[in-house]
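Next up, protein-v4.cif (mmCIF, C-alpha atoms):
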data_work
loop_
_atom_site.label_atom_id
_atom_site.label_comp_id
_atom_site.auth_asym_id
_atom_site.auth_seq_id
_atom_site.Cartn_x
_atom_site.Cartn_y
_atom_site.Cartn_z
CA MET A 5 -1.78 124.61 -19.85
CA THR A 6 -5.14 125.62 -21.30
CA ASN A 7 -6.50 128.68 -23.07
CA VAL A 8 -10.06 129.94 -22.53
CA ARG A 9 -12.46 131.24 -25.17
CA VAL A 10 -15.85 132.83 -24.61
CA ASP A 11 -17.70 133.51 -27.88
CA ALA A 12 -20.89 135.60 -28.11
CA VAL A 13 -22.15 134.46 -24.72
CA THR A 14 -25.48 135.74 -23.44
CA ALA A 15 -26.54 134.70 -19.94
CA GLY A 16 -28.82 135.75 -17.10
CA TYR A 17 -31.13 134.54 -14.38
CA GLY A 18 -34.50 134.45 -16.12
CA GLY A 19 -35.05 138.19 -16.57
CA PRO A 20 -33.12 140.59 -18.81
CA PRO A 21 -29.71 139.14 -19.71
CA ILE A 22 -26.74 140.08 -17.53
CA LEU A 23 -24.17 139.18 -20.21
CA THR A 24 -24.88 140.13 -23.83
CA ASP A 25 -22.85 138.72 -26.73
CA LEU A 26 -19.71 138.73 -24.60
CA ASN A 27 -16.38 137.67 -26.12
CA LEU A 28 -13.25 136.90 -24.13
CA SER A 29 -10.00 135.18 -25.04
CA VAL A 30 -7.41 134.18 -22.45
CA ASP A 31 -4.11 132.68 -23.57
CA SER A 32 -2.69 129.60 -21.91
CA GLY A 33 -0.85 130.51 -18.71
CA GLU A 34 -2.15 134.09 -18.62
CA PHE A 35 -3.41 135.81 -15.49
CA ILE A 36 -6.43 137.96 -16.40
CA ALA A 37 -8.23 140.38 -14.08
CA VAL A 38 -11.86 141.07 -14.98
CA LEU A 39 -12.57 144.53 -13.62
CA GLY A 40 -15.99 146.08 -13.24
CA SER A 41 -18.35 147.84 -10.87
CA SER A 42 -21.17 146.05 -9.06
CA GLY A 43 -23.73 144.82 -11.57
CA SER A 44 -21.33 144.87 -14.53
CA GLY A 45 -21.62 141.09 -14.99
CA LYS A 46 -18.19 139.97 -13.86
CA THR A 47 -19.45 137.44 -11.29
CA THR A 48 -21.99 136.12 -13.79
CA LEU A 49 -19.11 135.55 -16.22
CA LEU A 50 -17.26 133.59 -13.53
CA ARG A 51 -20.33 131.43 -12.91
CA VAL A 52 -20.63 130.71 -16.64
CA LEU A 53 -16.96 129.65 -16.79
CA ALA A 54 -17.32 127.48 -13.68
CA GLY A 55 -20.42 125.76 -15.06
CA PHE A 56 -22.77 127.07 -12.38
CA LEU A 57 -24.83 129.00 -14.94
CA THR A 58 -25.92 127.89 -18.40
CA PRO A 59 -25.70 130.55 -21.14
CA THR A 60 -28.72 131.06 -23.35
CA HIS A 61 -26.47 131.72 -26.34
CA GLY A 62 -22.82 131.36 -27.32
CA THR A 63 -20.02 128.94 -26.52
CA VAL A 64 -17.32 128.45 -23.89
CA SER A 65 -14.18 126.43 -24.66
CA PHE A 66 -11.22 125.32 -22.55
CA GLY A 67 -8.40 124.48 -24.91
CA ASP A 68 -9.72 122.28 -27.71
CA HIS A 69 -12.76 121.20 -25.71
CA GLN A 70 -16.08 123.03 -25.77
CA VAL A 71 -17.65 122.96 -22.31
CA SER A 72 -20.79 124.95 -23.12
CA GLY A 73 -22.71 125.59 -26.32
CA PRO A 74 -25.59 124.32 -28.47
CA GLY A 75 -26.08 120.67 -27.50
CA VAL A 76 -22.97 120.72 -25.25
CA TRP A 77 -22.88 120.99 -21.48
CA VAL A 78 -19.98 119.80 -19.33
CA PRO A 79 -20.89 119.87 -15.60
CA PRO A 80 -18.69 121.82 -13.17
CA GLU A 81 -17.00 118.78 -11.66
CA LYS A 82 -15.75 117.66 -15.07
CA ARG A 83 -14.37 121.00 -16.27
CA ARG A 84 -11.06 120.77 -14.39
CA VAL A 85 -11.65 124.20 -12.91
CA GLY A 86 -10.38 125.36 -9.53
CA ILE A 87 -12.31 128.06 -7.67
CA VAL A 88 -11.07 130.40 -4.94
CA PRO A 89 -14.14 132.09 -3.39
CA GLN A 90 -14.30 135.49 -1.77
CA GLU A 91 -13.84 134.46 1.85
CA GLY A 92 -12.31 130.99 1.72
CA ALA A 93 -15.56 129.08 2.36
CA LEU A 94 -13.68 126.35 4.25
CA PHE A 95 -15.50 123.54 6.06
CA PRO A 96 -15.33 124.48 9.77
CA HIS A 97 -15.55 120.85 10.97
CA LEU A 98 -12.53 119.73 8.93
CA ASP A 99 -8.89 120.53 9.58
CA VAL A 100 -6.69 122.21 6.98
CA GLN A 101 -5.38 119.05 5.33
CA LYS A 102 -8.87 117.54 5.06
CA ASN A 103 -10.22 120.80 3.60
CA VAL A 104 -7.49 120.77 0.96
CA GLY A 105 -8.00 117.09 0.22
CA PHE A 106 -11.78 117.33 0.01
CA GLY A 107 -12.84 115.77 -3.27
CA LEU A 108 -9.61 113.81 -3.71
CA ASP A 109 -9.40 110.11 -3.05
CA ASN A 110 -7.60 108.60 -0.06
CA SER A 111 -4.60 107.34 -1.99
CA ALA A 112 -1.03 107.98 -0.95
CA GLN A 113 -0.59 110.13 -4.07
CA SER A 114 -3.47 112.38 -2.99
CA LYS A 115 -2.01 112.76 0.49
CA ASP A 116 1.33 113.68 -1.05
CA ARG A 117 -0.44 116.22 -3.25
CA VAL A 118 -2.12 117.82 -0.22
CA ARG A 119 1.27 118.22 1.47
CA GLU A 120 2.74 119.59 -1.75
CA VAL A 121 0.15 122.35 -2.23
CA LEU A 122 0.17 123.25 1.47
CA THR A 123 3.92 123.72 1.17
CA MET A 124 3.40 125.87 -1.94
CA VAL A 125 1.17 128.28 -0.03
CA GLY A 126 3.22 128.19 3.18
CA MET A 127 0.61 126.38 5.28
CA ASN A 128 2.11 122.92 5.82
CA ASP A 129 2.75 123.69 9.51
CA PHE A 130 -0.99 124.27 9.96
CA ALA A 131 -2.17 121.01 8.42
CA GLY A 132 -3.95 119.93 11.62
CA ALA A 133 -5.54 123.31 12.43
CA ARG A 134 -9.23 124.11 12.05
CA PRO A 135 -10.29 127.10 9.91
CA GLN A 136 -11.47 129.07 12.94
CA GLU A 137 -7.92 128.93 14.32
CA LEU A 138 -6.52 130.69 11.24
CA SER A 139 -6.32 134.34 10.24
CA GLY A 140 -8.15 135.62 7.18
CA GLY A 141 -4.98 135.52 5.09
CA GLN A 142 -4.20 131.96 6.20
CA GLN A 143 -7.73 130.84 5.31
CA GLN A 144 -7.33 132.28 1.81
CA ARG A 145 -4.03 130.42 1.41
CA VAL A 146 -5.82 127.20 2.33
CA ALA A 147 -8.63 127.99 -0.12
CA LEU A 148 -6.00 128.48 -2.84
CA ALA A 149 -4.32 125.20 -1.95
CA ARG A 150 -7.69 123.41 -2.12
CA ALA A 151 -8.36 124.86 -5.57
CA LEU A 152 -4.89 123.83 -6.82
CA ALA A 153 -4.89 120.33 -5.33
CA PRO A 154 -6.73 118.61 -8.25
CA ARG A 155 -4.33 120.25 -10.76
CA PRO A 156 -6.98 122.33 -12.52
CA ASP A 157 -6.55 123.51 -16.11
CA VAL A 158 -8.14 126.86 -15.23
CA LEU A 159 -8.24 128.72 -11.91
CA LEU A 160 -11.09 131.13 -11.16
CA LEU A 161 -10.71 133.67 -8.33
CA ASP A 162 -13.75 135.56 -7.06
CA GLU A 163 -12.47 138.75 -5.39
CA PRO A 164 -10.19 136.56 -3.23
CA PHE A 165 -8.53 139.41 -1.30
CA SER A 166 -11.48 141.75 -0.69
CA ALA A 167 -12.07 140.66 2.92
CA LEU A 168 -8.46 141.25 3.99
CA ASP A 169 -6.94 144.41 5.43
CA ALA A 170 -4.93 146.58 3.04
CA GLY A 171 -1.42 145.50 4.07
CA LEU A 172 -2.18 141.79 4.04
CA ARG A 173 -4.11 142.12 0.80
CA ALA A 174 -1.10 143.59 -1.01
CA THR A 175 1.28 140.97 0.37
CA LEU A 176 -0.94 137.98 -0.35
CA ARG A 177 -1.85 139.00 -3.89
CA THR A 178 1.86 139.36 -4.71
CA GLU A 179 2.54 135.89 -3.32
CA VAL A 180 -0.40 134.36 -5.19
CA ARG A 181 0.63 136.03 -8.44
CA GLY A 182 4.17 134.67 -8.09
CA LEU A 183 2.92 131.16 -7.38
CA LEU A 184 0.51 131.08 -10.32
CA THR A 185 3.21 132.42 -12.64
CA ALA A 186 5.58 129.70 -11.50
CA LEU A 187 2.90 127.04 -12.03
CA GLY A 188 1.85 128.44 -15.42
CA THR A 189 -1.81 128.16 -14.44
CA THR A 190 -4.35 129.95 -16.64
CA SER A 191 -6.11 132.21 -14.13
CA ILE A 192 -9.10 134.55 -14.27
CA MET A 193 -9.80 136.82 -11.30
CA VAL A 194 -12.80 139.10 -10.95
CA THR A 195 -12.43 142.26 -8.88
CA HIS A 196 -13.79 145.78 -8.48
CA ASP A 197 -10.41 147.01 -7.17
CA GLN A 198 -8.58 148.93 -9.91
CA GLU A 199 -5.25 148.98 -8.08
CA GLU A 200 -5.43 145.23 -7.56
CA ALA A 201 -6.20 144.54 -11.20
CA LEU A 202 -3.49 146.82 -12.55
CA SER A 203 -0.82 145.57 -10.16
CA ILE A 204 -0.94 141.80 -10.69
CA ALA A 205 -2.65 140.93 -13.99
CA ASP A 206 -1.04 140.23 -17.36
CA LYS A 207 -4.11 141.84 -18.91
CA VAL A 208 -7.15 143.62 -17.52
CA ALA A 209 -10.61 143.11 -19.02
CA VAL A 210 -13.03 145.95 -18.20
CA MET A 211 -16.72 145.04 -18.12
CA ARG A 212 -19.68 147.39 -18.25
CA ASN A 213 -23.38 146.52 -18.63
CA GLY A 214 -22.64 142.89 -19.40
CA GLN A 215 -20.14 143.53 -22.15
CA LEU A 216 -16.37 143.69 -22.46
CA VAL A 217 -15.40 147.27 -23.31
CA GLN A 218 -11.62 146.90 -23.29
CA MET A 219 -8.98 144.26 -22.66
CA SER A 220 -5.38 145.45 -22.53
CA GLU A 221 -2.14 145.18 -20.65
CA PRO A 222 -2.39 147.27 -17.47
CA ALA A 223 -0.20 150.15 -18.69
CA SER A 224 -2.08 150.41 -21.99
CA LEU A 225 -5.44 150.36 -20.23
CA TYR A 226 -4.43 153.13 -17.83
CA GLN A 227 -2.71 155.32 -20.40
CA ASP A 228 -5.09 154.84 -23.31
CA PRO A 229 -8.64 153.97 -22.15
CA ALA A 230 -11.08 152.95 -24.87
CA ASP A 231 -13.67 155.56 -23.83
CA ILE A 232 -14.16 158.26 -21.25
CA GLU A 233 -16.20 156.00 -18.93
CA THR A 234 -13.27 153.58 -18.75
CA ALA A 235 -10.87 156.48 -18.11
CA ARG A 236 -13.03 157.56 -15.18
CA PHE A 237 -13.29 154.03 -13.79
CA VAL A 238 -9.61 153.05 -14.01
CA GLY A 239 -7.79 155.46 -11.73
CA ASP A 240 -8.15 159.19 -11.10
CA SER A 241 -8.80 161.34 -14.14
CA VAL A 242 -8.56 165.02 -15.01
CA GLU A 243 -11.11 166.07 -17.64
CA LEU A 244 -10.74 169.30 -19.56
CA PRO A 245 -12.79 170.84 -22.38
CA ALA A 246 -10.72 170.81 -25.56
CA THR A 247 -10.76 172.06 -29.12
CA TYR A 248 -8.67 170.66 -31.95
CA SER A 249 -5.82 173.00 -32.74
CA GLY A 250 -4.28 171.07 -35.61
CA GLY A 251 -1.55 168.47 -35.86
CA ASP A 252 -1.18 166.28 -32.79
CA SER A 253 -2.53 168.66 -30.15
CA VAL A 254 -5.65 170.22 -28.67
CA HIS A 255 -6.21 173.49 -26.86
CA THR A 256 -7.38 173.28 -23.23
CA PRO A 257 -7.63 175.60 -20.19
CA LEU A 258 -4.04 174.48 -19.48
CA GLY A 259 -2.89 175.58 -22.92
CA THR A 260 -1.89 173.35 -25.81
CA VAL A 261 -1.70 169.66 -24.91
CA ARG A 262 -0.35 166.85 -27.06
CA ILE A 263 -2.72 163.99 -27.75
CA ARG A 264 -2.26 160.25 -27.66
CA GLY A 265 -3.63 158.51 -30.74
CA SER A 266 -5.87 160.22 -33.26
CA ILE A 267 -8.51 162.91 -32.99
CA PRO A 268 -12.09 161.53 -32.90
CA VAL A 269 -14.05 161.91 -36.14
CA ASN A 270 -16.32 164.48 -34.48
CA ALA A 271 -13.67 167.01 -33.49
CA GLY A 272 -16.08 169.83 -32.71
CA SER A 273 -16.62 169.30 -28.97
CA LEU A 274 -13.94 167.29 -27.20
CA THR A 275 -12.81 166.28 -23.72
CA ALA A 276 -9.12 165.78 -23.01
CA VAL A 277 -8.30 163.32 -20.22
CA LEU A 278 -5.04 163.42 -18.27
CA ARG A 279 -3.95 161.64 -15.10
CA PRO A 280 -3.14 163.72 -11.98
CA GLU A 281 0.53 162.67 -12.16
CA GLN A 282 0.76 164.23 -15.64
CA LEU A 283 0.34 167.69 -14.09
CA VAL A 284 2.87 169.75 -12.14
CA LEU A 285 2.51 172.84 -9.94
CA VAL A 286 4.81 175.82 -10.52
CA ASP A 287 5.12 179.40 -9.37
CA PRO A 288 2.29 181.38 -10.99
CA ARG A 289 4.56 184.30 -11.87
CA PRO A 290 6.13 184.33 -15.36
CA VAL A 291 9.92 184.16 -15.44
CA GLY A 292 11.93 186.86 -17.22
CA GLY A 293 8.90 188.34 -18.93
CA ALA A 294 8.26 185.13 -20.89
CA VAL A 295 4.70 184.13 -21.68
CA ALA A 296 3.78 181.57 -19.03
CA GLN A 297 2.43 178.18 -20.04
CA GLY A 298 -0.27 176.26 -18.20
CA GLY A 299 -3.33 177.47 -16.35
CA LEU A 300 -3.69 179.69 -13.29
CA GLY A 301 -5.67 178.52 -10.29
CA ALA A 302 -5.94 178.35 -6.51
CA VAL A 303 -5.58 175.46 -4.07
CA ASN A 304 -8.92 174.46 -2.53
CA GLY A 305 -7.89 171.26 -0.77
CA VAL A 306 -5.26 168.57 -0.26
CA THR A 307 -5.83 164.83 0.20
CA TYR A 308 -2.85 163.11 1.83
CA HIS A 309 -2.20 159.43 1.02
CA GLY A 310 1.21 158.90 2.61
CA HIS A 311 3.19 158.01 -0.50
CA ASP A 312 1.64 160.95 -2.35
CA SER A 313 -0.93 163.73 -2.10
CA LEU A 314 -3.68 164.98 -4.37
CA VAL A 315 -3.77 168.76 -4.56
CA HIS A 316 -7.19 170.00 -5.63
CA ILE A 317 -7.17 173.12 -7.78
CA THR A 318 -9.87 175.46 -9.10
CA LEU A 319 -8.67 177.16 -12.28
CA THR A 320 -9.52 180.81 -12.96
CA SER A 321 -11.41 179.52 -16.00
CA GLY A 322 -13.71 177.61 -13.61
CA GLU A 323 -12.57 173.99 -14.08
CA SER A 324 -11.60 171.82 -11.13
CA LEU A 325 -8.75 169.32 -11.27
CA SER A 326 -6.33 167.38 -9.07
CA VAL A 327 -2.53 167.24 -9.23
CA ARG A 328 -0.62 164.30 -7.75
CA VAL A 329 2.59 165.22 -5.92
CA PRO A 330 5.04 162.90 -4.12
CA GLY A 331 4.71 162.64 -0.35
CA GLU A 332 3.30 165.59 1.57
CA SER A 333 2.25 168.67 -0.38
CA THR A 334 3.93 171.98 0.50
CA VAL A 335 1.18 174.24 -0.87
CA SER A 336 -1.39 175.97 1.31
CA LEU A 337 -5.14 176.39 0.98
CA GLY A 338 -5.94 179.41 -1.15
CA GLU A 339 -2.43 179.63 -2.58
CA SER A 340 -2.15 180.71 -6.21
CA VAL A 341 -0.48 178.18 -8.49
CA ARG A 342 0.11 177.49 -12.15
CA VAL A 343 -0.68 174.00 -13.48
CA ILE A 344 1.35 172.66 -16.39
CA PRO A 345 0.57 169.44 -18.31
CA THR A 346 3.58 167.18 -18.91
CA GLY A 347 2.24 164.29 -20.97
CA PRO A 348 -0.10 163.43 -23.83
CA ALA A 349 -3.85 163.35 -23.24
CA SER A 350 -6.47 160.90 -24.43
CA VAL A 351 -9.22 162.76 -26.30
CA TYR A 352 -12.88 161.81 -26.64
CA SER A 353 -15.88 163.28 -28.43
CA ASN A 354 -18.60 164.75 -26.22
#

Please rewrite the model in this file as structure tokens.
Amino acid sequence: MTNVRVDAVTAGYGGPPILTDLNLSVDSGEFIAVLGSSGSGKTTLLRVLAGFLTPTHGTVSFGDHQVSGPGVWVPPEKRRVGIVPQEGALFPHLDVQKNVGFGLDNSAQSKDRVREVLTMVGMNDFAGARPQELSGGQQQRVALARALAPRPDVLLLDEPFSALDAGLRATLRTEVRGLLTALGTTSIMVTHDQEEALSIADKVAVMRNGQLVQMSEPASLYQDPADIETARFVGDSVELPATYSGGDSVHTPLGTVRIRGSIPVNAGSLTAVLRPEQLVLVDPRPVGGAVAQGGLGAVNGVTYHGHDSLVHITLTSGESLSVRVPGESTVSLGESVRVIPTGPASVYSN
């Protein structure tokens, strides 16, 4: 197994750099998802790792071997890197076994290896089929087998599930994750799909404007984003104006909310960020004369997702927010509700 290090890499295509002083460290056997919007630099990073693009500054190392840096350049075919492209990119004139064996020699050991990896991905029964006879999911399995056939030290996956329908995408990414875990292959996948990144990666690296802004385990990234832009990008967010009220809490339109971490140095003007599942809807009327907690508002819409619903609320104070409830929501448009926060918020300076 091989670790990957990217140190102060700057790279581009002749104009302004796409990557600027980027640092990335991937432990041996880890599965990393590089998450970013279009233009963030994630595909450029993949091309640098593969050897398709030469950085103008910085170094790239696989294990103890530097593959790119001042006076060092290892070509792609000598980097022991496997690549799974976005849509398979199989040769249409070759059958499955010849696609997988492309680049290997004709020895008996290579033929055994082709059968072995086809069995790994569940495609051995289709060894004689042409790519056009396969479904999209089957083609991606073949592309994975082809990338694994030479026993690469590092596997690079370029949005490998983006062309598949939702159900197949979820099934295949779970299968691929299980296989790569079993093999102990160091893997780096680029994606713009937050759910995909959070669901299968050991760690998620968020890129923005050619730089790495945060790299964390999925739960830490979701619960404690490094900045408000990352909070907005990774999942749904509820943003509320906040003022520091002392101790470990801030005051918001929903009342006093506990905070996660420390208050920013500039505590004058703050934004508290919660997730929709950290809010609950209750009857707006106070019980037994007690002072009610939370914020009053009215329902202005409901978005149904099957497994849950987002209830959109306009508070009497003017803020808009969404509350996630399991299954189908029972509230009606225009109904008065009270929104109560149930978890700590991340807080950022404005």

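The space between CA of Pro154 in chain A and CA of Leu94 in chain A spans 16.3 Å.
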
Best match for closeness to Thr60 in chain A among A:Glu34, A:Pro80, A:Ile344, A:Ile22, counting all atoms listed in the file: A:Ile22

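Around Gly305 in chain A, within 8 Å and counting all atoms listed in the file, the residues found are Val315, His316, Ile317 and Leu337 of chain A, once anything fewer than 5 positions away on its own chain is removed.
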
Residues returned when the PyMOL selection byres ((chain A and resi 82) around 12) runs on this file, as a PyMOL selection string: chain A and resi 54-55+66+69-72+77-81+83-86+154+156-158

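Nearest-residue note for Val341 in chain A: choosing from A:Ser313, A:Arg328, A:Pro288, A:Ala246, the minimum distance belongs to A:Pro288, counting only C-alpha atoms.
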
Selection result of the PyMOL selection byres ((chain A and resi 255) around 12) on this file, as a ChimeraX atom specification: /A:244-254,256-263,271,273-276,297-299,345,349,351

CA of Phe106 in chain A to CA of Thr58 in chain A, distance in Å rounded to a single decimal: 25.5 Å
